[in-house]
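J.: Sending over a structure as structure tokens; questions will come in a sec.
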Amino acid sequence: MSVRERLAAVQARIAERAQALGRATGDITLVAVSKQQPIERVMEAYECGVRHFGENTVQGLVATAQALAAAGRQARWHFIGRLQRNKINKLLPHVWLIHTVDHDELAAALAERAGTAGVDVLVQVNVGREKQKGGVDPEQAVTFARRLTRLDGLRLRGLMAIPPAGADPHPFFARMAVLSQELCASSEGRGARELSLGMSDDFEAAIEHGATLVRVGTAIFAERKYEA
């Protein structure tokens, strides 16, 4: 199947699930995760109407963003990987939303370097409490998120999480929905309504639990082309 065909199938599944739940399809943003993909596939997705793309490395995001821009294509870039503070300056000119803020030192560095321009961020929650993953403990997530709103250079937009691989995602997505509601009910989190949940294998389940951003790679682009 081509990228066009795969994308159409994903979009149809999103629309079908949203309709079944009484949600507006327009309330759910598809982020096409283009990491390690040939630029031709990314360009094909763009030509099919995709405007939101995700990358998990700064190098990959910058390179792909620049390649599209050189071809006259302007996209919105989502950073979905672990961010090192020494790469913030390279990332900021290109990124639209950072999904993975999870500790005070990173937040402070982002706020300082973004300055008056500011940058939109999500708090990553380690919803499965997995040692190998980044993210704030669920018990601390809302407190941490509210604290970020005190940093002038950051605009808090919501929460992000990845459930444990192979596990039933529903309990983890349900927990994230509760945390999102708690954050939005606070005075600091009223505008932080984004909920980034779901990937190729579980984005329909994520939509059931209120996801506003779904991060889909393989289902659109097929298997990634990794460098040797």
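Naming works like this for the structure tokens: A, B, ... for the chains as they're shown, residue 1 at the start of each chain, ligands 1 onward in shown order.
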For the structure I just gave you, how does DSSP split region 79-180 of chain A - specifically, which residues are strand (DSSP E or B)? Reply as a compact mmCIF listing (two decimals) with N, CA and C atoms, in the first residue's frame.
T.:
# COMPACT_ATOMS: atom_id res chain seq x y z
N PHE A 79 7.96 17.46 18.70
CA PHE A 79 9.10 16.69 19.22
C PHE A 79 8.58 15.71 20.25
N VAL A 95 10.42 23.78 16.09
CA VAL A 95 9.41 22.97 16.77
C VAL A 95 8.13 23.76 17.02
N TRP A 96 7.01 23.06 16.90
CA TRP A 96 5.70 23.65 17.16
C TRP A 96 5.19 23.25 18.54
N LEU A 97 5.45 21.99 18.94
CA LEU A 97 5.01 21.51 20.24
C LEU A 97 5.98 20.44 20.74
N ILE A 98 6.45 20.59 21.97
CA ILE A 98 7.33 19.61 22.60
C ILE A 98 6.48 18.76 23.54
N HIS A 99 6.46 17.45 23.31
CA HIS A 99 5.58 16.55 24.06
C HIS A 99 6.22 15.98 25.33
N THR A 100 7.49 16.24 25.58
CA THR A 100 8.24 15.40 26.52
C THR A 100 8.94 16.17 27.64
N VAL A 101 8.33 17.19 28.16
CA VAL A 101 8.92 17.90 29.30
C VAL A 101 8.59 17.11 30.57
N VAL A 119 7.44 28.83 23.99
CA VAL A 119 7.32 27.54 23.30
C VAL A 119 6.19 26.74 23.95
N ASP A 120 5.43 26.04 23.13
CA ASP A 120 4.32 25.22 23.61
C ASP A 120 4.85 23.86 24.05
N VAL A 121 4.37 23.38 25.20
CA VAL A 121 4.88 22.12 25.74
C VAL A 121 3.76 21.28 26.33
N LEU A 122 4.02 19.97 26.35
CA LEU A 122 3.21 19.01 27.09
C LEU A 122 4.08 18.39 28.18
N VAL A 123 3.46 17.99 29.25
CA VAL A 123 4.16 17.24 30.30
C VAL A 123 4.03 15.76 29.99
N GLN A 124 5.18 15.08 29.92
CA GLN A 124 5.16 13.63 29.71
C GLN A 124 4.97 12.94 31.05
N VAL A 125 4.00 12.04 31.09
CA VAL A 125 3.68 11.29 32.31
C VAL A 125 4.10 9.84 32.11
N VAL A 136 7.03 12.08 34.20
CA VAL A 136 6.75 12.38 35.59
C VAL A 136 5.87 11.27 36.17
N LEU A 154 7.33 29.28 28.83
CA LEU A 154 6.60 28.06 28.47
C LEU A 154 5.10 28.32 28.40
N ARG A 155 4.46 27.70 27.43
CA ARG A 155 3.00 27.70 27.35
C ARG A 155 2.54 26.25 27.52
N LEU A 156 1.98 25.95 28.67
CA LEU A 156 1.54 24.58 28.95
C LEU A 156 0.28 24.28 28.16
N ARG A 157 0.32 23.20 27.37
CA ARG A 157 -0.83 22.84 26.53
C ARG A 157 -1.52 21.55 26.98
N GLY A 158 -0.86 20.76 27.83
CA GLY A 158 -1.51 19.54 28.27
C GLY A 158 -0.54 18.44 28.66
N LEU A 159 -0.97 17.19 28.46
CA LEU A 159 -0.24 16.02 28.93
C LEU A 159 0.00 15.03 27.80
N MET A 160 1.02 14.19 27.98
CA MET A 160 1.35 13.14 27.01
C MET A 160 1.76 11.90 27.77
N ALA A 161 1.48 10.72 27.20
CA ALA A 161 1.92 9.47 27.82
C ALA A 161 2.00 8.35 26.79
J.: Could you pull out the helix (DSSP H, G or I) residues of region 98-205 of chain A, going by DSSP on the backbone, and write them as JSON, numbers by chain?
T.: {"A": [104, 105, 106, 107, 108, 109, 110, 111, 112, 113, 114, 115, 116, 117, 138, 139, 140, 141, 142, 143, 144, 145, 146, 147, 148, 170, 171, 172, 173, 174, 175, 176, 177, 178, 179, 180, 181, 182, 183, 184, 185, 203, 204, 205]}
J.: Restricting it to C-alpha atoms, dump the selection as a PDB file, in the first residue's frame.
T.:
ATOM      1  CA  ASP A 104      12.382  21.035  36.290  1.00  0.00           C
ATOM      2  CA  GLU A 105      15.871  21.459  34.843  1.00  0.00           C
ATOM      3  CA  LEU A 106      14.638  20.862  31.298  1.00  0.00           C
ATOM      4  CA  ALA A 107      11.641  23.127  31.811  1.00  0.00           C
ATOM      5  CA  ALA A 108      13.798  25.950  33.143  1.00  0.00           C
ATOM      6  CA  ALA A 109      16.276  25.622  30.280  1.00  0.00           C
ATOM      7  CA  LEU A 110      13.491  25.651  27.696  1.00  0.00           C
ATOM      8  CA  ALA A 111      11.856  28.676  29.279  1.00  0.00           C
ATOM      9  CA  GLU A 112      15.119  30.604  29.418  1.00  0.00           C
ATOM     10  CA  ARG A 113      16.116  29.881  25.835  1.00  0.00           C
ATOM     11  CA  ALA A 114      12.650  30.356  24.367  1.00  0.00           C
ATOM     12  CA  GLY A 115      12.504  33.787  25.960  1.00  0.00           C
ATOM     13  CA  THR A 116       9.715  36.142  24.947  1.00  0.00           C
ATOM     14  CA  ALA A 117       8.854  34.029  21.886  1.00  0.00           C
ATOM     15  CA  PRO A 138       1.411  10.082  37.724  1.00  0.00           C
ATOM     16  CA  GLU A 139       1.010  11.139  41.348  1.00  0.00           C
ATOM     17  CA  GLN A 140       3.178  14.202  40.717  1.00  0.00           C
ATOM     18  CA  ALA A 141       2.086  15.030  37.174  1.00  0.00           C
ATOM     19  CA  VAL A 142      -0.555  17.663  37.851  1.00  0.00           C
ATOM     20  CA  THR A 143       1.528  19.415  40.500  1.00  0.00           C
ATOM     21  CA  PHE A 144       4.497  19.488  38.131  1.00  0.00           C
ATOM     22  CA  ALA A 145       2.368  20.743  35.244  1.00  0.00           C
ATOM     23  CA  ARG A 146       0.890  23.530  37.330  1.00  0.00           C
ATOM     24  CA  ARG A 147       4.386  24.535  38.400  1.00  0.00           C
ATOM     25  CA  LEU A 148       5.435  24.939  34.766  1.00  0.00           C
ATOM     26  CA  HIS A 170      -7.275   1.260  28.379  1.00  0.00           C
ATOM     27  CA  PRO A 171      -6.448   1.494  32.121  1.00  0.00           C
ATOM     28  CA  PHE A 172      -3.473   3.729  31.376  1.00  0.00           C
ATOM     29  CA  PHE A 173      -5.415   5.962  29.008  1.00  0.00           C
ATOM     30  CA  ALA A 174      -8.222   6.166  31.561  1.00  0.00           C
ATOM     31  CA  ARG A 175      -5.723   7.309  34.191  1.00  0.00           C
ATOM     32  CA  MET A 176      -4.458   9.980  31.810  1.00  0.00           C
ATOM     33  CA  ALA A 177      -7.991  11.183  31.159  1.00  0.00           C
ATOM     34  CA  VAL A 178      -8.494  11.674  34.891  1.00  0.00           C
ATOM     35  CA  LEU A 179      -5.199  13.553  35.206  1.00  0.00           C
ATOM     36  CA  SER A 180      -6.137  15.752  32.261  1.00  0.00           C
ATOM     37  CA  GLN A 181      -9.471  16.601  33.843  1.00  0.00           C
ATOM     38  CA  GLU A 182      -7.754  17.400  37.127  1.00  0.00           C
ATOM     39  CA  LEU A 183      -5.252  19.663  35.398  1.00  0.00           C
ATOM     40  CA  CYS A 184      -7.923  21.477  33.398  1.00  0.00           C
ATOM     41  CA  ALA A 185      -9.965  22.028  36.557  1.00  0.00           C
ATOM     42  CA  PHE A 203      -4.881   5.192  18.700  1.00  0.00           C
ATOM     43  CA  GLU A 204      -8.544   4.148  18.564  1.00  0.00           C
ATOM     44  CA  ALA A 205      -8.433   3.242  22.256  1.00  0.00           C
TER      45      ALA A 205
END
J.: I want to know what sits within 8 Å of Asn56 (chain A), based on only C-alpha atoms, with residues of the same chain fewer than 6 positions away left out; could you give that as a ChimeraX atom specification?
T.: /A:35,79-82
J.: Could you tell me which of A:Ile207, A:Pro93, A:Pro38, A:Ala222 comes closest to Ala20 (chain A) if we count only C-alpha atoms?
T.: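 Among the listed residues, A:Ile207 lies closest to Ala20 (chain A).
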J.: With a distance cut-off of 12 Å and only C-alpha atoms, select the neighbouring residues of Ser2 (chain A), excluding the residue or stretch itself and same-chain residues fewer than 3 positions from it, and output the selection as JSON, numbers by chain.
T.: {"A": [5, 6, 7, 8, 9, 40, 41, 42, 44, 45, 48, 219, 220, 221, 222]}
J.: Calculated over only C-alpha atoms, which of the candidates A:Leu91, A:Val214, A:Ala167, A:Met43 has the smallest distance to Arg73 (chain A)?
T.: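 That would be A:Met43, the residue with the smallest distance to Arg73 (chain A).
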J.: Write out as a list in words the residues lying within 9 Å of region 25-28 of chain A, counting only C-alpha atoms and excluding same-chain residues fewer than 4 positions away.
T.: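 Near region 25-28 of chain A, the qualifying residues are Ile14, Ala15, Glu16, Arg17, Ala18, Gln19, Ile207, Gly210, Ala211, Thr212, Leu213 and Val214 of chain A.
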J.: Please, could you write that set of residues out with C-alpha atoms as an mmCIF file, in the first residue's frame?
T.:
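Result file result-v2.cif:
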data_model
loop_
_atom_site.group_PDB
_atom_site.id
_atom_site.type_symbol
_atom_site.label_atom_id
_atom_site.label_comp_id
_atom_site.auth_asym_id
_atom_site.auth_seq_id
_atom_site.Cartn_x
_atom_site.Cartn_y
_atom_site.Cartn_z
ATOM 1 C CA ILE A 14 -10.131 8.057 13.363
ATOM 2 C CA ALA A 15 -13.346 9.444 11.893
ATOM 3 C CA GLU A 16 -15.268 6.227 12.545
ATOM 4 C CA ARG A 17 -14.143 6.009 16.166
ATOM 5 C CA ALA A 18 -14.834 9.691 16.798
ATOM 6 C CA GLN A 19 -18.303 9.435 15.272
ATOM 7 C CA ILE A 207 -9.607 8.410 21.169
ATOM 8 C CA GLY A 210 -10.225 11.775 25.055
ATOM 9 C CA ALA A 211 -6.972 11.964 23.099
ATOM 10 C CA THR A 212 -6.690 15.179 21.103
ATOM 11 C CA LEU A 213 -3.342 14.235 19.526
ATOM 12 C CA VAL A 214 -2.591 10.755 18.175
#
J.: Have a look at CA of Asn89 (chain A) and CA of Gly118 (chain A) and let me know their distance in Å, one decimal.
T.: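 Between CA of Asn89 (chain A) and CA of Gly118 (chain A) the gap works out to 12.7 Å.
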J.: Do a neighbour search on Gln74 (chain A) at 12 Å with only C-alpha atoms, toss out local chain neighbours closer than 6 positions, and write the hits as number ranges by chain.
T.: A: 43, 46-47, 49-53, 64-68, 94-96
